[in-house]
Amino acid sequence: MKNIKPTITRSNIIVGDYSYYSGKDFEARVTHHYEFLGDKLIIGKFCQIGNNIEFIMNGANHQMNAATTFPFYVMDGWKQESPKISDLPFKGDTIVGNDCWIGQNVTVLPGVHIGNGVIIGADSVVTKDLPAYSICCGNPCRVKKMRFSDDIIKILEELKWWDKSVDEIQKIIPIITKANPTKEELEALLK
């Protein structure tokens with residue numbers, strides 16, 4: 001396992017502190033990511049990402065409003081100007097929230113937003129946004145259940161424990177790592 005942030009060399013990949021990848025060469029797992037498109041991969045803090053993740057970025061999208069989708073403009077020997085960015089199916093930044101656990105061999109498509117605390121099962125293909133604190137899997141990836149009640153999710157989203165100092169996190173570890181924390185225990189952390 002490697003902390004991702006220190007390994008990043010591309011300015012269009014932003015990774016929060018303490019997030020790790022269990023494979024090698026995280027940047028190689030971010031494909032079709034071209035600076036001229038301007039899209040970013042943004043990953044929050046304390047994420048756990050399994051081996052063989054693939055973040056497919058907007059550069060993989062082909063022009064769909066023409067008679068052919070073939071990208072002559074990137075192939076040697078063909079004469080075609082690059083299409084306007086507005087003619088490409090641009091889906092925006094890909095965003096992974098904080099404290100997400102993504103299993104191995106997961107593929108995340110362009111422009112997807114994954115909420116805080118999401119768990120994604122191995123071999124899933126994430127095609128759409130996933131709500132905070134959901135457990136999701138499949139191809140296409142779907143919400144199977146929520147990790148907590150709406151009340152507890154609301155408290156966790158307000159708590160934002162991942163934004164606290166190391167000392168503050170050390171003090172609340174007994175509660176945030178406790179199985180089935182109560183609403184009252186978590187509310188006490190907001191005070």
# chains A, B, ... in the order shown; residues from 1 in each chain; ligands from 1
$ residues_around --residues "A:His62" --least-positions-apart "2" --cutoff "9 Å" --atoms "only C-alpha atoms" --output "list in words"
Asn58, Gly59, Ala60, Met64, Thr69, Phe70, Pro71, Leu88 and Pro89 of chain A
$ write_last_selection --atoms "all heavy atoms" --output "tab-separated table (two decimals), in the first residue's frame"
chain	number	residue	atom	x	y	z
A	58	ASN	N	-12.27	12.01	-19.35
A	58	ASN	CA	-13.01	12.51	-20.51
A	58	ASN	C	-12.34	12.32	-21.85
A	58	ASN	O	-13.00	12.28	-22.88
A	58	ASN	CB	-13.35	13.99	-20.31
A	58	ASN	CG	-14.47	14.17	-19.33
A	58	ASN	OD1	-15.62	13.91	-19.63
A	58	ASN	ND2	-14.14	14.59	-18.12
A	59	GLY	N	-11.01	12.18	-21.88
A	59	GLY	CA	-10.30	11.98	-23.14
A	59	GLY	C	-10.66	10.68	-23.83
A	59	GLY	O	-10.37	10.49	-25.01
A	60	ALA	N	-11.32	9.77	-23.12
A	60	ALA	CA	-11.75	8.51	-23.72
A	60	ALA	C	-13.03	8.68	-24.53
A	60	ALA	O	-13.39	7.80	-25.32
A	60	ALA	CB	-11.97	7.45	-22.63
A	64	MET	N	-19.69	12.05	-30.75
A	64	MET	CA	-20.85	11.21	-31.08
A	64	MET	C	-21.85	11.91	-31.99
A	64	MET	O	-22.81	11.29	-32.43
A	64	MET	CB	-21.55	10.75	-29.80
A	64	MET	CG	-20.65	9.86	-28.94
A	64	MET	SD	-21.47	9.05	-27.56
A	64	MET	CE	-22.12	10.41	-26.63
A	69	THR	N	-17.40	7.94	-35.23
A	69	THR	CA	-16.76	8.25	-33.94
A	69	THR	C	-15.25	8.09	-34.02
A	69	THR	O	-14.55	8.37	-33.05
A	69	THR	CB	-17.29	7.30	-32.84
A	69	THR	OG1	-17.00	5.95	-33.21
A	69	THR	CG2	-18.78	7.50	-32.62
A	70	PHE	N	-14.71	7.68	-35.16
A	70	PHE	CA	-13.28	7.41	-35.29
A	70	PHE	C	-12.48	8.70	-35.17
A	70	PHE	O	-12.75	9.69	-35.86
A	70	PHE	CB	-12.96	6.74	-36.63
A	70	PHE	CG	-11.57	6.16	-36.64
A	70	PHE	CD1	-11.34	4.91	-36.11
A	70	PHE	CD2	-10.50	6.87	-37.15
A	70	PHE	CE1	-10.06	4.37	-36.09
A	70	PHE	CE2	-9.21	6.35	-37.14
A	70	PHE	CZ	-9.00	5.09	-36.60
A	71	PRO	N	-11.45	8.73	-34.30
A	71	PRO	CA	-10.66	9.94	-34.07
A	71	PRO	C	-9.49	10.06	-35.05
A	71	PRO	O	-8.32	9.89	-34.68
A	71	PRO	CB	-10.18	9.78	-32.63
A	71	PRO	CG	-9.99	8.29	-32.49
A	71	PRO	CD	-11.09	7.67	-33.34
A	88	LEU	N	-17.39	17.36	-28.07
A	88	LEU	CA	-17.08	16.10	-27.40
A	88	LEU	C	-17.99	15.93	-26.18
A	88	LEU	O	-18.38	16.92	-25.55
A	88	LEU	CB	-15.62	16.08	-26.97
A	88	LEU	CG	-14.60	16.11	-28.10
A	88	LEU	CD1	-13.20	16.31	-27.54
A	88	LEU	CD2	-14.67	14.84	-28.93
A	89	PRO	N	-18.33	14.70	-25.81
A	89	PRO	CA	-19.18	14.49	-24.64
A	89	PRO	C	-18.38	14.65	-23.35
A	89	PRO	O	-17.91	13.69	-22.77
A	89	PRO	CB	-19.69	13.05	-24.83
A	89	PRO	CG	-18.70	12.40	-25.71
A	89	PRO	CD	-18.07	13.48	-26.54
$ select_by_dssp --residues "stretch 122-164 of chain A" --states "strand (DSSP E or B)" --output "ChimeraX atom specification"
/A:125-126,130,134-138,141-146
$ write_last_selection --atoms "all heavy atoms" --output "compact mmCIF listing (two decimals), in the first residue's frame"
# COMPACT_ATOMS: atom_id res chain seq x y z
N VAL A 125 -18.33 -1.36 -12.02
CA VAL A 125 -18.16 -0.32 -13.04
C VAL A 125 -19.08 0.83 -12.64
O VAL A 125 -20.31 0.71 -12.71
CB VAL A 125 -18.49 -0.84 -14.46
CG1 VAL A 125 -18.35 0.29 -15.47
CG2 VAL A 125 -17.59 -2.02 -14.83
N VAL A 126 -18.46 1.93 -12.21
CA VAL A 126 -19.21 3.08 -11.69
C VAL A 126 -19.54 4.01 -12.86
O VAL A 126 -18.65 4.63 -13.42
CB VAL A 126 -18.41 3.81 -10.60
CG1 VAL A 126 -19.24 4.95 -10.01
CG2 VAL A 126 -17.98 2.84 -9.51
N LEU A 130 -22.74 8.32 -6.84
CA LEU A 130 -23.11 7.45 -5.72
C LEU A 130 -23.26 8.30 -4.46
O LEU A 130 -22.37 9.10 -4.14
CB LEU A 130 -22.03 6.39 -5.49
CG LEU A 130 -21.75 5.46 -6.69
CD1 LEU A 130 -20.58 4.53 -6.38
CD2 LEU A 130 -22.99 4.67 -7.08
N SER A 134 -23.10 5.09 1.09
CA SER A 134 -23.81 3.97 0.47
C SER A 134 -22.83 2.83 0.24
O SER A 134 -21.62 3.02 0.18
CB SER A 134 -24.45 4.41 -0.85
OG SER A 134 -23.49 4.94 -1.74
N ILE A 135 -23.38 1.62 0.15
CA ILE A 135 -22.61 0.43 -0.21
C ILE A 135 -23.09 0.05 -1.60
O ILE A 135 -24.30 -0.16 -1.81
CB ILE A 135 -22.84 -0.72 0.79
CG1 ILE A 135 -22.37 -0.30 2.18
CG2 ILE A 135 -22.13 -1.99 0.32
CD1 ILE A 135 -22.70 -1.31 3.27
N CYS A 136 -22.15 -0.01 -2.54
CA CYS A 136 -22.51 -0.15 -3.95
C CYS A 136 -21.66 -1.22 -4.61
O CYS A 136 -20.52 -1.44 -4.22
CB CYS A 136 -22.26 1.18 -4.68
SG CYS A 136 -22.96 2.61 -3.84
N CYS A 137 -22.23 -1.87 -5.63
CA CYS A 137 -21.46 -2.84 -6.39
C CYS A 137 -22.19 -3.16 -7.69
O CYS A 137 -23.35 -2.80 -7.86
CB CYS A 137 -21.20 -4.11 -5.58
SG CYS A 137 -22.67 -5.01 -5.15
N GLY A 138 -21.48 -3.83 -8.58
CA GLY A 138 -22.08 -4.35 -9.80
C GLY A 138 -21.63 -3.64 -11.06
O GLY A 138 -20.84 -2.70 -11.04
N CYS A 141 -22.63 -0.26 -11.48
CA CYS A 141 -22.60 -0.14 -10.03
C CYS A 141 -23.91 0.49 -9.55
O CYS A 141 -24.33 1.53 -10.08
CB CYS A 141 -21.40 0.71 -9.62
SG CYS A 141 -21.07 0.69 -7.86
N ARG A 142 -24.52 -0.15 -8.57
CA ARG A 142 -25.77 0.35 -8.01
C ARG A 142 -25.70 0.35 -6.49
O ARG A 142 -25.00 -0.47 -5.90
CB ARG A 142 -26.94 -0.53 -8.45
CG ARG A 142 -27.26 -0.41 -9.91
CD ARG A 142 -28.59 -1.09 -10.21
NE ARG A 142 -28.98 -0.83 -11.58
CZ ARG A 142 -28.79 -1.69 -12.57
NH1 ARG A 142 -28.23 -2.85 -12.36
NH2 ARG A 142 -29.19 -1.37 -13.80
N VAL A 143 -26.49 1.22 -5.87
CA VAL A 143 -26.59 1.25 -4.42
C VAL A 143 -27.31 -0.01 -3.97
O VAL A 143 -28.42 -0.30 -4.43
CB VAL A 143 -27.35 2.51 -3.94
CG1 VAL A 143 -27.55 2.48 -2.43
CG2 VAL A 143 -26.61 3.78 -4.35
N LYS A 144 -26.67 -0.76 -3.08
CA LYS A 144 -27.28 -1.96 -2.50
C LYS A 144 -27.95 -1.64 -1.17
O LYS A 144 -28.99 -2.20 -0.85
CB LYS A 144 -26.24 -3.07 -2.31
CG LYS A 144 -25.63 -3.55 -3.61
CD LYS A 144 -26.69 -4.09 -4.55
CE LYS A 144 -26.10 -4.53 -5.87
NZ LYS A 144 -27.09 -4.98 -6.82
N LYS A 145 -27.31 -0.78 -0.39
CA LYS A 145 -27.92 -0.33 0.86
C LYS A 145 -27.12 0.86 1.38
O LYS A 145 -26.01 1.13 0.93
CB LYS A 145 -28.01 -1.44 1.89
CG LYS A 145 -26.68 -1.90 2.47
CD LYS A 145 -26.92 -3.00 3.50
CE LYS A 145 -25.70 -3.20 4.37
NZ LYS A 145 -25.96 -4.11 5.48
N MET A 146 -27.70 1.52 2.34
CA MET A 146 -27.03 2.63 3.00
C MET A 146 -26.32 2.09 4.24
O MET A 146 -26.82 1.18 4.90
CB MET A 146 -28.01 3.73 3.37
CG MET A 146 -28.74 4.33 2.16
SD MET A 146 -27.64 4.94 0.85
CE MET A 146 -26.93 6.38 1.65
$ residues_around --residues "A:Asp99" --least-positions-apart "5" --cutoff "7 Å" --atoms "only C-alpha atoms" --output "PyMOL selection string"
chain A and resi 45-47+116-117
$ closest_residue --among "A:Leu37, A:Lys183, A:Ile8, A:Asn61" --to "A:Lys154" --atoms "only C-alpha atoms"
A:Lys183
$ residues_around --residues "A:Ile56" --least-positions-apart "3" --cutoff "10 Å" --atoms "only C-alpha atoms" --output "number ranges by chain"
A: 29-33, 41, 53, 59-61, 94, 107-111
$ write_last_selection --atoms "N, CA and C atoms" --output "CSV table (one decimal), in the first residue's frame"
chain,number,residue,atom,x,y,z
A,29,ARG,N,-3.1,4.4,-13.6
A,29,ARG,CA,-4.5,3.9,-13.5
A,29,ARG,C,-5.5,5.0,-13.8
A,30,VAL,N,-5.0,6.2,-14.1
A,30,VAL,CA,-5.8,7.3,-14.6
A,30,VAL,C,-5.6,7.5,-16.1
A,31,THR,N,-6.6,7.0,-16.8
A,31,THR,CA,-6.3,6.9,-18.3
A,31,THR,C,-7.1,7.9,-19.1
A,32,HIS,N,-6.6,8.2,-20.3
A,32,HIS,CA,-7.3,9.2,-21.2
A,32,HIS,C,-7.4,10.5,-20.5
A,33,HIS,N,-6.4,11.0,-19.8
A,33,HIS,CA,-6.5,12.2,-19.0
A,33,HIS,C,-5.5,13.2,-19.7
A,41,LEU,N,-9.2,14.8,-11.8
A,41,LEU,CA,-9.5,13.7,-10.9
A,41,LEU,C,-9.2,14.3,-9.5
A,53,ILE,N,-7.5,-0.3,-9.9
A,53,ILE,CA,-8.5,0.7,-10.1
A,53,ILE,C,-8.3,1.3,-11.5
A,59,GLY,N,-11.0,12.2,-21.9
A,59,GLY,CA,-10.3,12.0,-23.1
A,59,GLY,C,-10.7,10.7,-23.8
A,60,ALA,N,-11.3,9.8,-23.1
A,60,ALA,CA,-11.8,8.5,-23.7
A,60,ALA,C,-13.0,8.7,-24.5
A,61,ASN,N,-13.7,9.8,-24.3
A,61,ASN,CA,-15.0,10.0,-25.0
A,61,ASN,C,-14.7,10.4,-26.5
A,94,THR,N,-14.0,14.2,-12.2
A,94,THR,CA,-14.4,13.0,-11.5
A,94,THR,C,-14.0,13.2,-10.0
A,107,THR,N,-13.8,0.1,-12.1
A,107,THR,CA,-13.6,1.1,-13.2
A,107,THR,C,-14.6,2.2,-12.9
A,108,VAL,N,-14.1,3.5,-12.9
A,108,VAL,CA,-14.9,4.7,-12.7
A,108,VAL,C,-14.9,5.5,-14.0
A,109,LEU,N,-16.1,5.7,-14.5
A,109,LEU,CA,-16.2,6.5,-15.8
A,109,LEU,C,-16.1,8.0,-15.5
A,110,PRO,N,-15.9,8.7,-16.6
A,110,PRO,CA,-15.7,10.2,-16.5
A,110,PRO,C,-16.9,10.9,-15.8
A,111,GLY,N,-16.5,11.9,-15.0
A,111,GLY,CA,-17.5,12.8,-14.5
A,111,GLY,C,-18.3,12.3,-13.3
$ atom_distance --atom1 "atom CA of A:Glu35" --atom2 "atom CA of A:Thr68"
24.5 Å
$ closest_residue --among "A:Met75, A:Met57, A:Ala67, A:Leu190" --to "A:Glu158" --atoms "only C-alpha atoms"
A:Leu190
$ closest_residue --among "A:Ser165, A:Gln63, A:Asn98, A:Asn12" --to "A:Tyr34" --atoms "only C-alpha atoms"
A:Asn12
$ atom_distance --atom1 "atom CA of A:Ile49" --atom2 "atom CA of A:Glu187"
28.7 Å
$ select_by_dssp --residues "chain A" --states "alpha helix (DSSP H)" --output "MDAnalysis selection string"
chainID A and resid 150:159 166:176 183:188
$ decode --residues "stretch 112-160 of chain A" --atoms "N, CA and C atoms" --output "PDB file, in the first residue's frame"
ATOM      1  N   VAL A 112     -18.009  11.133 -12.828  1.00  0.00           N
ATOM      2  CA  VAL A 112     -18.760  10.543 -11.722  1.00  0.00           C
ATOM      3  C   VAL A 112     -18.377  11.235 -10.416  1.00  0.00           C
ATOM      4  N   HIS A 113     -19.352  11.412  -9.538  1.00  0.00           N
ATOM      5  CA  HIS A 113     -19.124  11.951  -8.201  1.00  0.00           C
ATOM      6  C   HIS A 113     -19.494  10.870  -7.190  1.00  0.00           C
ATOM      7  N   ILE A 114     -18.519  10.504  -6.368  1.00  0.00           N
ATOM      8  CA  ILE A 114     -18.694   9.481  -5.351  1.00  0.00           C
ATOM      9  C   ILE A 114     -18.700  10.195  -4.002  1.00  0.00           C
ATOM     10  N   GLY A 115     -19.780  10.042  -3.245  1.00  0.00           N
ATOM     11  CA  GLY A 115     -19.931  10.752  -1.979  1.00  0.00           C
ATOM     12  C   GLY A 115     -18.981  10.272  -0.895  1.00  0.00           C
ATOM     13  N   ASN A 116     -18.936  11.003   0.206  1.00  0.00           N
ATOM     14  CA  ASN A 116     -18.112  10.635   1.358  1.00  0.00           C
ATOM     15  C   ASN A 116     -18.558   9.287   1.908  1.00  0.00           C
ATOM     16  N   GLY A 117     -17.600   8.491   2.383  1.00  0.00           N
ATOM     17  CA  GLY A 117     -17.912   7.261   3.082  1.00  0.00           C
ATOM     18  C   GLY A 117     -18.478   6.130   2.239  1.00  0.00           C
ATOM     19  N   VAL A 118     -18.396   6.231   0.923  1.00  0.00           N
ATOM     20  CA  VAL A 118     -18.950   5.201   0.042  1.00  0.00           C
ATOM     21  C   VAL A 118     -18.043   3.974   0.034  1.00  0.00           C
ATOM     22  N   ILE A 119     -18.663   2.805  -0.018  1.00  0.00           N
ATOM     23  CA  ILE A 119     -17.953   1.542  -0.202  1.00  0.00           C
ATOM     24  C   ILE A 119     -18.372   1.005  -1.568  1.00  0.00           C
ATOM     25  N   ILE A 120     -17.372   0.675  -2.415  1.00  0.00           N
ATOM     26  CA  ILE A 120     -17.645   0.128  -3.748  1.00  0.00           C
ATOM     27  C   ILE A 120     -17.022  -1.260  -3.830  1.00  0.00           C
ATOM     28  N   GLY A 121     -17.840  -2.250  -4.137  1.00  0.00           N
ATOM     29  CA  GLY A 121     -17.380  -3.633  -4.211  1.00  0.00           C
ATOM     30  C   GLY A 121     -16.451  -3.884  -5.383  1.00  0.00           C
ATOM     31  N   ALA A 122     -15.618  -4.901  -5.239  1.00  0.00           N
ATOM     32  CA  ALA A 122     -14.645  -5.284  -6.266  1.00  0.00           C
ATOM     33  C   ALA A 122     -15.337  -5.548  -7.598  1.00  0.00           C
ATOM     34  N   ASP A 123     -14.621  -5.249  -8.686  1.00  0.00           N
ATOM     35  CA  ASP A 123     -15.060  -5.524 -10.058  1.00  0.00           C
ATOM     36  C   ASP A 123     -16.265  -4.700 -10.511  1.00  0.00           C
ATOM     37  N   SER A 124     -16.584  -3.645  -9.803  1.00  0.00           N
ATOM     38  CA  SER A 124     -17.717  -2.798 -10.174  1.00  0.00           C
ATOM     39  C   SER A 124     -17.331  -1.819 -11.272  1.00  0.00           C
ATOM     40  N   VAL A 125     -18.332  -1.362 -12.024  1.00  0.00           N
ATOM     41  CA  VAL A 125     -18.158  -0.321 -13.036  1.00  0.00           C
ATOM     42  C   VAL A 125     -19.078   0.830 -12.638  1.00  0.00           C
ATOM     43  N   VAL A 126     -18.465   1.927 -12.207  1.00  0.00           N
ATOM     44  CA  VAL A 126     -19.213   3.077 -11.692  1.00  0.00           C
ATOM     45  C   VAL A 126     -19.537   4.006 -12.856  1.00  0.00           C
ATOM     46  N   THR A 127     -20.814   4.072 -13.196  1.00  0.00           N
ATOM     47  CA  THR A 127     -21.263   4.864 -14.338  1.00  0.00           C
ATOM     48  C   THR A 127     -22.012   6.120 -13.926  1.00  0.00           C
ATOM     49  N   LYS A 128     -22.468   6.181 -12.676  1.00  0.00           N
ATOM     50  CA  LYS A 128     -23.278   7.306 -12.190  1.00  0.00           C
ATOM     51  C   LYS A 128     -22.845   7.690 -10.787  1.00  0.00           C
ATOM     52  N   ASP A 129     -23.285   8.865 -10.354  1.00  0.00           N
ATOM     53  CA  ASP A 129     -22.981   9.365  -9.021  1.00  0.00           C
ATOM     54  C   ASP A 129     -23.486   8.392  -7.950  1.00  0.00           C
ATOM     55  N   LEU A 130     -22.741   8.318  -6.838  1.00  0.00           N
ATOM     56  CA  LEU A 130     -23.106   7.453  -5.719  1.00  0.00           C
ATOM     57  C   LEU A 130     -23.262   8.304  -4.462  1.00  0.00           C
ATOM     58  N   PRO A 131     -24.375   8.147  -3.728  1.00  0.00           N
ATOM     59  CA  PRO A 131     -24.618   8.996  -2.561  1.00  0.00           C
ATOM     60  C   PRO A 131     -23.728   8.639  -1.378  1.00  0.00           C
ATOM     61  N   ALA A 132     -23.495   9.620  -0.530  1.00  0.00           N
ATOM     62  CA  ALA A 132     -22.647   9.459   0.658  1.00  0.00           C
ATOM     63  C   ALA A 132     -23.114   8.286   1.509  1.00  0.00           C
ATOM     64  N   TYR A 133     -22.142   7.553   2.019  1.00  0.00           N
ATOM     65  CA  TYR A 133     -22.350   6.445   2.946  1.00  0.00           C
ATOM     66  C   TYR A 133     -23.238   5.332   2.382  1.00  0.00           C
ATOM     67  N   SER A 134     -23.101   5.094   1.088  1.00  0.00           N
ATOM     68  CA  SER A 134     -23.805   3.974   0.475  1.00  0.00           C
ATOM     69  C   SER A 134     -22.834   2.827   0.244  1.00  0.00           C
ATOM     70  N   ILE A 135     -23.379   1.624   0.153  1.00  0.00           N
ATOM     71  CA  ILE A 135     -22.615   0.434  -0.210  1.00  0.00           C
ATOM     72  C   ILE A 135     -23.094   0.054  -1.596  1.00  0.00           C
ATOM     73  N   CYS A 136     -22.151  -0.007  -2.544  1.00  0.00           N
ATOM     74  CA  CYS A 136     -22.510  -0.146  -3.949  1.00  0.00           C
ATOM     75  C   CYS A 136     -21.664  -1.221  -4.606  1.00  0.00           C
ATOM     76  N   CYS A 137     -22.233  -1.867  -5.625  1.00  0.00           N
ATOM     77  CA  CYS A 137     -21.463  -2.841  -6.391  1.00  0.00           C
ATOM     78  C   CYS A 137     -22.195  -3.163  -7.688  1.00  0.00           C
ATOM     79  N   GLY A 138     -21.483  -3.833  -8.582  1.00  0.00           N
ATOM     80  CA  GLY A 138     -22.084  -4.346  -9.799  1.00  0.00           C
ATOM     81  C   GLY A 138     -21.630  -3.639 -11.058  1.00  0.00           C
ATOM     82  N   ASN A 139     -22.142  -4.124 -12.172  1.00  0.00           N
ATOM     83  CA  ASN A 139     -21.899  -3.543 -13.490  1.00  0.00           C
ATOM     84  C   ASN A 139     -23.239  -3.464 -14.214  1.00  0.00           C
ATOM     85  N   PRO A 140     -23.837  -2.270 -14.229  1.00  0.00           N
ATOM     86  CA  PRO A 140     -23.339  -1.023 -13.644  1.00  0.00           C
ATOM     87  C   PRO A 140     -23.477  -1.033 -12.117  1.00  0.00           C
ATOM     88  N   CYS A 141     -22.626  -0.256 -11.483  1.00  0.00           N
ATOM     89  CA  CYS A 141     -22.604  -0.145 -10.029  1.00  0.00           C
ATOM     90  C   CYS A 141     -23.905   0.493  -9.551  1.00  0.00           C
ATOM     91  N   ARG A 142     -24.516  -0.151  -8.573  1.00  0.00           N
ATOM     92  CA  ARG A 142     -25.775   0.354  -8.013  1.00  0.00           C
ATOM     93  C   ARG A 142     -25.701   0.352  -6.492  1.00  0.00           C
ATOM     94  N   VAL A 143     -26.492   1.221  -5.874  1.00  0.00           N
ATOM     95  CA  VAL A 143     -26.590   1.253  -4.416  1.00  0.00           C
ATOM     96  C   VAL A 143     -27.310  -0.009  -3.965  1.00  0.00           C
ATOM     97  N   LYS A 144     -26.665  -0.762  -3.076  1.00  0.00           N
ATOM     98  CA  LYS A 144     -27.275  -1.963  -2.500  1.00  0.00           C
ATOM     99  C   LYS A 144     -27.948  -1.642  -1.173  1.00  0.00           C
ATOM    100  N   LYS A 145     -27.314  -0.783  -0.391  1.00  0.00           N
ATOM    101  CA  LYS A 145     -27.923  -0.326   0.857  1.00  0.00           C
ATOM    102  C   LYS A 145     -27.123   0.859   1.379  1.00  0.00           C
ATOM    103  N   MET A 146     -27.697   1.521   2.340  1.00  0.00           N
ATOM    104  CA  MET A 146     -27.025   2.629   3.001  1.00  0.00           C
ATOM    105  C   MET A 146     -26.323   2.092   4.240  1.00  0.00           C
ATOM    106  N   ARG A 147     -25.176   2.667   4.552  1.00  0.00           N
ATOM    107  CA  ARG A 147     -24.409   2.198   5.702  1.00  0.00           C
ATOM    108  C   ARG A 147     -25.063   2.588   7.025  1.00  0.00           C
ATOM    109  N   PHE A 148     -25.723   3.729   7.047  1.00  0.00           N
ATOM    110  CA  PHE A 148     -26.308   4.260   8.275  1.00  0.00           C
ATOM    111  C   PHE A 148     -27.663   4.882   7.974  1.00  0.00           C
ATOM    112  N   SER A 149     -28.370   5.241   9.034  1.00  0.00           N
ATOM    113  CA  SER A 149     -29.642   5.956   8.887  1.00  0.00           C
ATOM    114  C   SER A 149     -29.382   7.366   8.362  1.00  0.00           C
ATOM    115  N   ASP A 150     -30.420   7.994   7.846  1.00  0.00           N
ATOM    116  CA  ASP A 150     -30.289   9.371   7.348  1.00  0.00           C
ATOM    117  C   ASP A 150     -29.798  10.317   8.434  1.00  0.00           C
ATOM    118  N   ASP A 151     -30.262  10.121   9.685  1.00  0.00           N
ATOM    119  CA  ASP A 151     -29.841  10.979  10.802  1.00  0.00           C
ATOM    120  C   ASP A 151     -28.340  10.875  11.048  1.00  0.00           C
ATOM    121  N   ILE A 152     -27.825   9.662  11.046  1.00  0.00           N
ATOM    122  CA  ILE A 152     -26.392   9.471  11.298  1.00  0.00           C
ATOM    123  C   ILE A 152     -25.566   9.981  10.121  1.00  0.00           C
ATOM    124  N   ILE A 153     -26.039   9.759   8.906  1.00  0.00           N
ATOM    125  CA  ILE A 153     -25.322  10.288   7.730  1.00  0.00           C
ATOM    126  C   ILE A 153     -25.232  11.803   7.807  1.00  0.00           C
ATOM    127  N   LYS A 154     -26.317  12.442   8.196  1.00  0.00           N
ATOM    128  CA  LYS A 154     -26.320  13.906   8.315  1.00  0.00           C
ATOM    129  C   LYS A 154     -25.272  14.362   9.342  1.00  0.00           C
ATOM    130  N   ILE A 155     -25.186  13.675  10.460  1.00  0.00           N
ATOM    131  CA  ILE A 155     -24.199  14.028  11.492  1.00  0.00           C
ATOM    132  C   ILE A 155     -22.783  13.831  10.956  1.00  0.00           C
ATOM    133  N   LEU A 156     -22.531  12.685  10.292  1.00  0.00           N
ATOM    134  CA  LEU A 156     -21.196  12.408   9.762  1.00  0.00           C
ATOM    135  C   LEU A 156     -20.782  13.443   8.720  1.00  0.00           C
ATOM    136  N   GLU A 157     -21.713  13.858   7.875  1.00  0.00           N
ATOM    137  CA  GLU A 157     -21.405  14.877   6.868  1.00  0.00           C
ATOM    138  C   GLU A 157     -21.086  16.211   7.530  1.00  0.00           C
ATOM    139  N   GLU A 158     -21.765  16.506   8.633  1.00  0.00           N
ATOM    140  CA  GLU A 158     -21.487  17.747   9.374  1.00  0.00           C
ATOM    141  C   GLU A 158     -20.185  17.640  10.159  1.00  0.00           C
ATOM    142  N   LEU A 159     -19.905  16.470  10.706  1.00  0.00           N
ATOM    143  CA  LEU A 159     -18.708  16.251  11.508  1.00  0.00           C
ATOM    144  C   LEU A 159     -17.432  16.446  10.694  1.00  0.00           C
ATOM    145  N   LYS A 160     -17.405  15.949   9.470  1.00  0.00           N
ATOM    146  CA  LYS A 160     -16.222  16.043   8.603  1.00  0.00           C
ATOM    147  C   LYS A 160     -14.944  15.719   9.377  1.00  0.00           C
TER     148      LYS A 160
END
